[in-house]
Amino acid sequence: MIGKIKFVLNAVAYGLAAALVIILLSPDLRNKLGLNTLTENVIRPQAMSFSYAVKEAAPAVVNIYSVASMRPGTNTPEVFDDLGSGVIMTSNGHILTNYHVVDRAESILVDLQDGRQFNAEVIGLDKVTDLALLKIDAVNLPTIPQQADLEPQVGDIVLAIGNPLNFGQTITQGIISATSKKRPGSSYVDFIQMDAAINIGNSGGALVNSQGKLVGINTAAQGSLGVQGIFFAIPYKLAKSVMDKLMAYGEVTRGYLGISGEQINQYGQPVRTQIEPVAGVLITEVDPFGPGWAGGLRRGDIVLALNGKQVVSIMHMSAMVENMEPGTQITLDVSRNKRVQQFTVTIGKLGEE
């Protein structure tokens with residue numbers, strides 16, 4: 001009985017194999033059965049492409065020209081002060097770009113990808129994050145795709161869109177190399193590091209993912225790093241938060257504590273590697289006119305926690321404070337002379353004399 005079953009199965013298998021050979025050798029038969037496309041895809045799979053992402057995002061990336069002066073009696077620029085890019089965030093003309101692109105401009109010209117040109121007004125500037133919010137008088141504009149809960153991850157593929165060297169809109173591709181980085185020339189610690197090439201003119205352009213959604217606003221480091229493959233972008237969530245504040249108030253206010261410090265381990269020694277456990281932040285300097293001094297903080301104190309959350313670095317603590325409204329009261333757990341005490345400090349305003 002078993003032998004008969006094997007015989008039948010073998011016969012079926014040979015029959016199917018023969019039929020497959022006939023189909024593969026007969027183009028007409030393959031076409032009638034609709035198998036040509038399947039065969040082509042198996043033998044020659046589709047090439048990987050980011051064209052969808054580019055089509056979704058590129059129309060919302062503009063060219064920005066900062067004009068230092070105009071020819072007398074005309075609307076023609078005489079001197080261009082800076083070159084950059086921008087990202088259309090709202091359909092009625094709100095555009096994000098870099099602070100350093102427009103901070104010295106007497107007037108600003110914005111070129112859309114459809115050929116239209118507009119004069120832009122500055123709604124607000126934020127030097128800390130290197131962001132500026134512009135407005136042009138237009139409606140029904142293409143906007144960059146946005147996802148409120150988007151979290152950039154190390155290893156994500158990203159595309160940088162901008163106008164490098166005024167060559168016209170250009171796309172470069174790379175990956176996110178790191179997050180929560182401090183960019184050279186800035187005290188802020190929440191930048192994206194990536195290796196998608198950006199050059200002069202890319203500043204303020206879009207960094208998007210493979211779906212065309214906004215990951216960040218590209219920002220060139222002030223001054224050359226002298227290295228390749230290290231570029232920075234302002235994360236979308238941070239850029240959107242800054243934009244909302246600039247739209248509402250025309251400025252971004254940040255909290256100020258007035259201390260400097262360094263990470264130390266459980267033995268009171270400076271932390272030199274990322275794998276060492278951090279015990280707290282040793283205060284090395286205190287502004288004698290700042291809120292930290294007024295609240296009782298002194299040089300040599302070790303800050304362990306802020307509002308019950310462990311402090312892992314001076315940059316981490318500064319970021320928490322800067323995100324608070326001036327006038328907010330905070331509680332600091334501080335080790336002084338090996339005795340833990342609590343201090344209540346009223347946050348000041350960053351940049352206020």
# chains A, B, ... in the order shown; residues from 1 in each chain; ligands from 1

$ residues_around --residues "region 112-119 of chain A" --least-positions-apart "4" --cutoff "7 Å" --atoms "only C-alpha atoms" --output "PyMOL selection string"
chain A and resi 59+62-63+108+136

$ write_last_selection --atoms "N, CA and C atoms" --output "mmCIF file, in the first residue's frame"
data_model
loop_
_atom_site.group_PDB
_atom_site.id
_atom_site.type_symbol
_atom_site.label_atom_id
_atom_site.label_comp_id
_atom_site.auth_asym_id
_atom_site.auth_seq_id
_atom_site.Cartn_x
_atom_site.Cartn_y
_atom_site.Cartn_z
ATOM 1 N N PRO A 59 8.587 69.284 -2.502
ATOM 2 C CA PRO A 59 7.893 70.539 -2.845
ATOM 3 C C PRO A 59 7.780 71.525 -1.690
ATOM 4 N N VAL A 62 12.158 75.015 0.474
ATOM 5 C CA VAL A 62 12.343 76.235 -0.320
ATOM 6 C C VAL A 62 13.790 76.710 -0.250
ATOM 7 N N ASN A 63 14.148 77.593 -1.179
ATOM 8 C CA ASN A 63 15.449 78.251 -1.166
ATOM 9 C C ASN A 63 15.295 79.611 -0.499
ATOM 10 N N ILE A 108 14.514 89.285 3.163
ATOM 11 C CA ILE A 108 14.653 87.846 2.926
ATOM 12 C C ILE A 108 13.783 87.458 1.736
ATOM 13 N N ILE A 136 5.459 83.994 4.737
ATOM 14 C CA ILE A 136 5.246 84.591 3.436
ATOM 15 C C ILE A 136 3.748 84.721 3.193
#

$ residues_around --residues "Gly84 (chain A)" --least-positions-apart "5" --cutoff "8 Å" --atoms "only C-alpha atoms" --output "count of residues only"
15

$ atom_distance --atom1 "CA of Val281 (chain A)" --atom2 "CA of Gly296 (chain A)"
16.0 Å

$ closest_residue --among "A:Ile144, A:Val208, A:Leu109, A:Ala319" --to "Gln173 (chain A)" --atoms "only C-alpha atoms"
A:Val208

$ select_by_dssp --residues "region 153-298 of chain A" --states "strand (DSSP E)" --output "ChimeraX atom specification"
/A:157-162,170-181,191-194,206-208,214-219,231-235,255-256,259-264,280-286

$ closest_residue --among "A:Ala160, A:Ile95, A:Leu150, A:Gln329" --to "Ile198 (chain A)" --atoms "only C-alpha atoms"
A:Ala160

$ residues_around --residues "region 345-352 of chain A" --least-positions-apart "6" --cutoff "7 Å" --atoms "only C-alpha atoms" --output "short mmCIF file (atom, residue, chain, number, x, y, z; two decimals) with N, CA, C and O atoms, in the first residue's frame"
data_model
loop_
_atom_site.label_atom_id
_atom_site.label_comp_id
_atom_site.auth_asym_id
_atom_site.auth_seq_id
_atom_site.Cartn_x
_atom_site.Cartn_y
_atom_site.Cartn_z
N THR A 253 11.17 81.61 25.75
CA THR A 253 11.75 81.86 27.07
C THR A 253 12.21 80.54 27.67
O THR A 253 11.55 79.51 27.53
N ARG A 254 13.37 80.59 28.34
CA ARG A 254 13.94 79.38 28.94
C ARG A 254 14.36 79.67 30.37
O ARG A 254 14.74 80.79 30.72
N GLY A 255 14.30 78.60 31.15
CA GLY A 255 14.72 78.73 32.54
C GLY A 255 16.23 78.80 32.69
O GLY A 255 16.99 78.35 31.82
N TYR A 256 16.68 79.39 33.82
CA TYR A 256 18.11 79.59 34.08
C TYR A 256 18.39 79.31 35.54
O TYR A 256 17.68 79.78 36.44
N LEU A 257 19.43 78.49 35.79
CA LEU A 257 19.80 78.14 37.16
C LEU A 257 21.08 78.84 37.58
O LEU A 257 21.25 79.18 38.76
N PRO A 291 19.91 82.58 40.17
CA PRO A 291 18.92 81.96 41.06
C PRO A 291 19.47 80.81 41.88
O PRO A 291 18.99 80.54 42.98
N GLY A 292 20.50 80.10 41.37
CA GLY A 292 21.09 79.01 42.14
C GLY A 292 21.72 79.51 43.41
O GLY A 292 21.52 78.93 44.50
N GLY A 295 19.21 80.56 45.88
CA GLY A 295 18.53 79.42 46.50
C GLY A 295 19.42 78.63 47.44
O GLY A 295 18.97 77.63 48.01
N PRO A 326 10.38 80.48 33.48
CA PRO A 326 10.95 81.30 34.55
C PRO A 326 9.91 81.55 35.65
O PRO A 326 8.73 81.76 35.37
N GLY A 327 10.36 81.47 36.90
CA GLY A 327 9.45 81.62 38.03
C GLY A 327 9.02 80.29 38.62
O GLY A 327 8.44 80.25 39.72
N THR A 328 9.31 79.19 37.92
CA THR A 328 8.98 77.86 38.43
C THR A 328 9.88 77.50 39.61
O THR A 328 11.08 77.73 39.57
N GLN A 329 9.30 76.94 40.65
CA GLN A 329 10.08 76.48 41.80
C GLN A 329 10.45 75.01 41.62
O GLN A 329 9.61 74.19 41.25
N ILE A 330 11.73 74.68 41.86
CA ILE A 330 12.18 73.30 41.76
C ILE A 330 12.81 72.89 43.08
O ILE A 330 13.25 73.73 43.88
N THR A 331 12.86 71.58 43.30
CA THR A 331 13.50 71.01 44.49
C THR A 331 14.73 70.24 44.05
O THR A 331 14.65 69.37 43.16
#

$ closest_residue --among "A:Leu125, A:Ala58, A:Val340, A:Ile176" --to "Ile88 (chain A)" --atoms "only C-alpha atoms"
A:Ala58

$ select_by_dssp --residues "region 98-261 of chain A" --states "helix (DSSP H, G or I)" --output "ChimeraX atom specification"
/A:99-102,164-166,236-249

$ write_last_selection --atoms "C-alpha atoms" --output "PDB file, in the first residue's frame"
ATOM      1  CA  TYR A  99      18.730  81.453  12.801  1.00  0.00           C
ATOM      2  CA  HIS A 100      22.176  81.942  11.301  1.00  0.00           C
ATOM      3  CA  VAL A 101      20.713  82.114   7.777  1.00  0.00           C
ATOM      4  CA  VAL A 102      18.569  85.202   8.432  1.00  0.00           C
ATOM      5  CA  PRO A 164      23.732  73.369  -1.434  1.00  0.00           C
ATOM      6  CA  LEU A 165      25.991  76.036  -2.960  1.00  0.00           C
ATOM      7  CA  ASN A 166      22.913  77.369  -4.810  1.00  0.00           C
ATOM      8  CA  TYR A 236      11.281  67.671  14.632  1.00  0.00           C
ATOM      9  CA  LYS A 237       9.636  67.668  18.094  1.00  0.00           C
ATOM     10  CA  LEU A 238      12.011  70.373  19.336  1.00  0.00           C
ATOM     11  CA  ALA A 239      11.643  72.420  16.142  1.00  0.00           C
ATOM     12  CA  LYS A 240       7.834  72.183  16.318  1.00  0.00           C
ATOM     13  CA  SER A 241       7.845  73.234  19.978  1.00  0.00           C
ATOM     14  CA  VAL A 242      10.034  76.238  19.208  1.00  0.00           C
ATOM     15  CA  MET A 243       7.843  77.148  16.213  1.00  0.00           C
ATOM     16  CA  ASP A 244       4.666  77.043  18.321  1.00  0.00           C
ATOM     17  CA  LYS A 245       6.232  79.359  20.917  1.00  0.00           C
ATOM     18  CA  LEU A 246       7.495  81.771  18.266  1.00  0.00           C
ATOM     19  CA  MET A 247       4.040  81.859  16.664  1.00  0.00           C
ATOM     20  CA  ALA A 248       2.375  82.512  20.010  1.00  0.00           C
ATOM     21  CA  TYR A 249       4.850  84.870  21.685  1.00  0.00           C
TER      22      TYR A 249
END

$ residues_around --residues "region 262-265 of chain A" --least-positions-apart "2" --cutoff "9 Å" --atoms "only C-alpha atoms" --output "ChimeraX atom specification"
/A:260,267-272,276-284,302,312-314

$ write_last_selection --atoms "N, CA, C and O atoms" --output "tab-separated table (two decimals), in the first residue's frame"
chain	number	residue	atom	x	y	z
A	260	SER	N	27.54	75.81	36.85
A	260	SER	CA	28.29	74.94	35.96
A	260	SER	C	28.76	73.75	36.78
A	260	SER	O	28.87	73.82	38.01
A	267	TYR	N	32.73	57.61	43.78
A	267	TYR	CA	33.93	57.90	44.56
A	267	TYR	C	34.30	59.38	44.52
A	267	TYR	O	35.35	59.78	45.02
A	268	GLY	N	33.42	60.19	43.90
A	268	GLY	CA	33.68	61.62	43.83
A	268	GLY	C	34.66	62.01	42.74
A	268	GLY	O	35.12	63.16	42.71
A	269	GLN	N	34.97	61.08	41.84
A	269	GLN	CA	35.90	61.35	40.75
A	269	GLN	C	35.14	61.71	39.47
A	269	GLN	O	34.04	61.21	39.24
A	270	PRO	N	35.74	62.55	38.61
A	270	PRO	CA	35.07	62.89	37.35
A	270	PRO	C	34.82	61.65	36.50
A	270	PRO	O	35.65	60.74	36.44
A	271	VAL	N	33.66	61.59	35.87
A	271	VAL	CA	33.31	60.48	34.97
A	271	VAL	C	33.96	60.71	33.62
A	271	VAL	O	33.77	61.76	33.00
A	272	ARG	N	34.74	59.74	33.17
A	272	ARG	CA	35.48	59.89	31.91
A	272	ARG	C	34.96	58.99	30.79
A	272	ARG	O	35.29	59.22	29.63
A	276	GLU	N	30.69	54.34	32.92
A	276	GLU	CA	30.80	54.56	34.36
A	276	GLU	C	29.45	55.01	34.92
A	276	GLU	O	28.77	55.85	34.33
A	277	PRO	N	29.04	54.49	36.08
A	277	PRO	CA	27.81	54.98	36.70
A	277	PRO	C	28.00	56.39	37.23
A	277	PRO	O	29.05	56.74	37.77
A	278	VAL	N	26.98	57.22	37.04
A	278	VAL	CA	27.04	58.62	37.46
A	278	VAL	C	26.33	58.77	38.80
A	278	VAL	O	25.18	58.35	38.96
A	279	ALA	N	27.02	59.37	39.78
A	279	ALA	CA	26.42	59.58	41.09
A	279	ALA	C	25.70	60.92	41.17
A	279	ALA	O	24.73	61.08	41.91
A	280	GLY	N	26.19	61.89	40.41
A	280	GLY	CA	25.59	63.22	40.46
A	280	GLY	C	26.44	64.22	39.71
A	280	GLY	O	27.37	63.85	38.98
A	281	VAL	N	26.12	65.50	39.88
A	281	VAL	CA	26.85	66.58	39.22
A	281	VAL	C	27.50	67.46	40.28
A	281	VAL	O	26.82	68.03	41.14
A	282	LEU	N	28.83	67.55	40.21
A	282	LEU	CA	29.58	68.40	41.12
A	282	LEU	C	29.54	69.84	40.61
A	282	LEU	O	29.93	70.10	39.47
A	283	ILE	N	29.05	70.77	41.43
A	283	ILE	CA	28.99	72.17	41.03
A	283	ILE	C	30.38	72.77	41.10
A	283	ILE	O	31.02	72.78	42.17
A	284	THR	N	30.86	73.28	39.98
A	284	THR	CA	32.20	73.87	39.91
A	284	THR	C	32.15	75.40	39.91
A	284	THR	O	33.12	76.04	40.28
A	302	ILE	N	27.07	68.68	45.46
A	302	ILE	CA	26.82	67.62	44.47
A	302	ILE	C	25.32	67.48	44.29
A	302	ILE	O	24.60	67.11	45.22
A	312	VAL	N	22.01	63.16	35.62
A	312	VAL	CA	23.10	62.33	35.10
A	312	VAL	C	24.21	63.15	34.45
A	312	VAL	O	25.28	62.62	34.17
A	313	SER	N	23.97	64.42	34.19
A	313	SER	CA	25.02	65.28	33.63
A	313	SER	C	24.59	66.73	33.77
A	313	SER	O	23.39	67.03	33.94
A	314	ILE	N	25.54	67.64	33.66
A	314	ILE	CA	25.21	69.07	33.72
A	314	ILE	C	24.36	69.46	32.52
A	314	ILE	O	23.46	70.29	32.61
